[in-house]
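**Student:** Quick one: structure below, then a few questions.
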Amino acid sequence: MWIKEKKRQIIQVLCAVLYNINFRGFVTGNIYQGSAKSVCVPGLNCYSCPGAAASCPLGSFQTALVSSKYKTPYYIAGLLLLFGILLGRTICGYLCPFGLLQEVLYLLPTKKVRKNKYTRALSWVKYIVLAVFVIGFPVLLLSPGFCKYICPAGTLEGGIPLTALNEQLRELTGGLFSWKIFLAGIILVSTVFIFRSFCRFICPLGAFYSLFNRLSFTGIRVEKEKCTDCRKCVKSCPMDIKKVGDRECIHCGNCARECPEGAIR
């Protein structure tokens, strides 16, 4: 089982590299704008990252909604549905670079905040973020609300590298950029103490994929005839699940390692 966890981490690292394989961009400070940018990766990865070779599904969806009065965003909506149906939140557990960053920061030796009834309640906030900032802002205010005001991945992958490499951009930064730096810092610090705090409480992409968790083709499944309902799987999971495979499950496989009956696969 330890080997399986290492395999998951290797997949996470490979995805982070493949998503941002335009290494030249980190030297020149330019954003790649080739034909590959018309394709979306399944995880959260900023379009404006100098290394990004493809687009972020969340950013693309907001941009499509902003222009939806001119054309219906069938392509990106269909792609998100396809990702959800095929993978669900397996994307969060395996294919999201920002999820990997949070897990690395959580390894720092500090006291941790374990999941409880309050973190479970906070897990609903990401659905509000999805409704208000990802859908509401683009449709009503013609603004990509989440990317503009919240997204820490965009700040870390796009905002900070681009301003560091371009003097003209540094001169244009203002209060909004300072706010996003501050917010990203708060989020990153929280991930040291709270496992995947951004994924659990804020990420609207995870909220969307969670809607497909029980329907997706890949994920964690429990063999009911073997299960003794000992609840070791739920107790050992760092996410706010009530049972294996529910909306908060990222299909990492931690529960399978803990199951004494081998009922989880």
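Chain labels A, B, ... are given in the sequence in which chains occur in the structure tokens; within each chain residues are numbered consecutively from 1, and ligands are likewise numbered from 1 in the order shown.
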What residues in segment 151-190 of chain A get the DSSP label alpha helix (DSSP H)? Please answer as a compact mmCIF listing (two decimals) with N, CA and C atoms, in the first residue's frame.

**Tutor:**
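Wrote result.txt, looks like this:
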# COMPACT_ATOMS: atom_id res chain seq x y z
N PRO A 152 -5.68 31.30 -5.59
CA PRO A 152 -4.29 31.35 -5.15
C PRO A 152 -3.35 30.68 -6.15
N ALA A 153 -3.85 29.71 -6.92
CA ALA A 153 -3.02 29.07 -7.94
C ALA A 153 -2.63 30.09 -9.01
N GLY A 154 -3.56 30.95 -9.39
CA GLY A 154 -3.27 31.99 -10.37
C GLY A 154 -2.22 32.98 -9.86
N ILE A 160 2.81 36.08 -9.54
CA ILE A 160 4.14 36.28 -8.96
C ILE A 160 5.25 36.08 -9.99
N PRO A 161 5.27 34.98 -10.75
CA PRO A 161 6.35 34.82 -11.75
C PRO A 161 6.36 35.92 -12.81
N LEU A 162 5.18 36.30 -13.30
CA LEU A 162 5.13 37.31 -14.37
C LEU A 162 5.60 38.67 -13.88
N THR A 163 5.19 39.06 -12.69
CA THR A 163 5.64 40.36 -12.17
C THR A 163 7.12 40.33 -11.80
N ALA A 164 7.62 39.16 -11.40
CA ALA A 164 9.04 39.05 -11.07
C ALA A 164 9.91 39.16 -12.32
N LEU A 165 9.38 38.70 -13.44
CA LEU A 165 10.16 38.66 -14.68
C LEU A 165 9.91 39.88 -15.60
N GLU A 167 9.34 44.02 -15.52
CA GLU A 167 9.33 45.28 -14.76
C GLU A 167 8.08 46.10 -15.05
N GLN A 168 7.62 46.10 -16.29
CA GLN A 168 6.43 46.88 -16.64
C GLN A 168 5.20 46.39 -15.89
N LEU A 169 5.09 45.09 -15.71
CA LEU A 169 3.96 44.53 -14.97
C LEU A 169 4.04 44.91 -13.50
N ARG A 170 5.24 44.93 -12.95
CA ARG A 170 5.40 45.31 -11.54
C ARG A 170 4.88 46.73 -11.30
N GLU A 171 5.10 47.60 -12.27
CA GLU A 171 4.66 49.00 -12.13
C GLU A 171 3.14 49.13 -12.19
N LEU A 172 2.47 48.11 -12.76
CA LEU A 172 1.02 48.15 -12.90
C LEU A 172 0.27 47.52 -11.73
N GLY A 175 -3.76 47.53 -5.58
CA GLY A 175 -4.43 46.97 -4.42
C GLY A 175 -4.96 45.57 -4.63
N LEU A 176 -5.49 45.29 -5.82
CA LEU A 176 -6.04 43.97 -6.10
C LEU A 176 -4.95 42.90 -6.05
N PHE A 177 -3.79 43.21 -6.61
CA PHE A 177 -2.69 42.25 -6.60
C PHE A 177 -2.21 42.02 -5.16
N SER A 178 -2.14 43.09 -4.40
CA SER A 178 -1.74 42.97 -2.98
C SER A 178 -2.73 42.10 -2.22
N TRP A 179 -4.02 42.29 -2.49
CA TRP A 179 -5.04 41.46 -1.85
C TRP A 179 -4.86 39.99 -2.19
N LYS A 180 -4.57 39.69 -3.45
CA LYS A 180 -4.43 38.30 -3.85
C LYS A 180 -3.15 37.67 -3.27
N ILE A 181 -2.10 38.46 -3.14
CA ILE A 181 -0.88 37.97 -2.49
C ILE A 181 -1.18 37.64 -1.03
N PHE A 182 -1.90 38.54 -0.36
CA PHE A 182 -2.26 38.34 1.04
C PHE A 182 -3.13 37.08 1.20
N LEU A 183 -4.14 36.94 0.34
CA LEU A 183 -5.05 35.80 0.43
C LEU A 183 -4.32 34.49 0.14
N ALA A 184 -3.46 34.50 -0.87
CA ALA A 184 -2.70 33.29 -1.19
C ALA A 184 -1.80 32.90 -0.02
N GLY A 185 -1.21 33.91 0.64
CA GLY A 185 -0.37 33.63 1.80
C GLY A 185 -1.16 33.00 2.93
N ILE A 186 -2.36 33.52 3.19
CA ILE A 186 -3.22 32.97 4.24
C ILE A 186 -3.58 31.52 3.92
N ILE A 187 -3.93 31.27 2.67
CA ILE A 187 -4.31 29.92 2.26
C ILE A 187 -3.15 28.95 2.41
N LEU A 188 -1.96 29.37 1.96
CA LEU A 188 -0.80 28.49 2.05
C LEU A 188 -0.42 28.20 3.50
N VAL A 189 -0.47 29.21 4.35
CA VAL A 189 -0.17 28.99 5.77
C VAL A 189 -1.18 28.02 6.37
N SER A 190 -2.44 28.16 6.01
CA SER A 190 -3.46 27.27 6.56
C SER A 190 -3.23 25.82 6.17

**Student:** How close does each residue of segment 30-88 of chain A get to segment 11-21 of chain A, giving the shortest atom pair and distance in Å to one decimal for every residue with an atom at most 7 Å away, counting only C-alpha atoms, sorted by chain and residue number, as a tab-separated table?

**Tutor:**
residue	atom	partner	partner_atom	distance
A:Gly51	CA	A:Asn20	CA	4.3
A:Ala52	CA	A:Asn20	CA	4.1
A:Ala53	CA	A:Asn20	CA	5.7
A:Ala54	CA	A:Tyr19	CA	6.7

**Student:** Write out, as a PDB file, in the first residue's frame, the residues just selected, with N, CA and C atoms.

**Tutor:**
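out-v6.pdb written:
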ATOM      1  N   GLY A  51       4.873  28.786 -17.617  1.00  0.00           N
ATOM      2  CA  GLY A  51       5.162  27.433 -18.082  1.00  0.00           C
ATOM      3  C   GLY A  51       3.958  26.681 -18.609  1.00  0.00           C
ATOM      4  N   ALA A  52       2.759  27.224 -18.409  1.00  0.00           N
ATOM      5  CA  ALA A  52       1.532  26.494 -18.756  1.00  0.00           C
ATOM      6  C   ALA A  52       1.445  26.229 -20.257  1.00  0.00           C
ATOM      7  N   ALA A  53       1.244  24.950 -20.601  1.00  0.00           N
ATOM      8  CA  ALA A  53       1.138  24.562 -22.013  1.00  0.00           C
ATOM      9  C   ALA A  53      -0.311  24.405 -22.445  1.00  0.00           C
ATOM     10  N   ALA A  54      -1.235  24.434 -21.488  1.00  0.00           N
ATOM     11  CA  ALA A  54      -2.664  24.306 -21.792  1.00  0.00           C
ATOM     12  C   ALA A  54      -3.431  25.246 -20.867  1.00  0.00           C
TER      13      ALA A  54
END

**Student:** I'd like the neighbourhood of segment 140-147 of chain A as a compact mmCIF listing (two decimals) with C-alpha atoms, in the first residue's frame, where a residue qualifies if any of its atoms comes within 8 Å (using only C-alpha atoms), though same-chain residues fewer than 5 positions away should be ignored.

**Tutor:**
# COMPACT_ATOMS: atom_id res chain seq x y z
CA GLY A 59 -10.58 29.96 -15.96
CA GLN A 62 -15.50 31.74 -16.50
CA THR A 63 -14.19 33.34 -19.68
CA LEU A 65 -19.56 32.55 -19.38
CA VAL A 66 -18.46 36.18 -19.70
CA SER A 67 -18.87 35.88 -23.47
CA VAL A 129 -17.79 30.03 -4.15
CA PHE A 133 -17.69 33.66 -8.08
CA VAL A 134 -17.53 31.11 -10.91
CA GLY A 154 -3.27 31.99 -10.37

**Student:** Counting only C-alpha atoms, which of A:Pro42, A:Gly159, A:Pro138, A:Gly245 gets nearest to Ser68 of chain A?

**Tutor:**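 Nearest to Ser68 of chain A: A:Pro138.
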
**Student:** Using only C-alpha atoms, pick whichever of A:Lys226, A:Gly43, A:Tyr127, A:Cys151 has the shortest atom-to-atom distance to Leu95 of chain A.

**Tutor:**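 Of A:Lys226, A:Gly43, A:Tyr127, A:Cys151, the one nearest Leu95 of chain A is A:Gly43, counting only C-alpha atoms.
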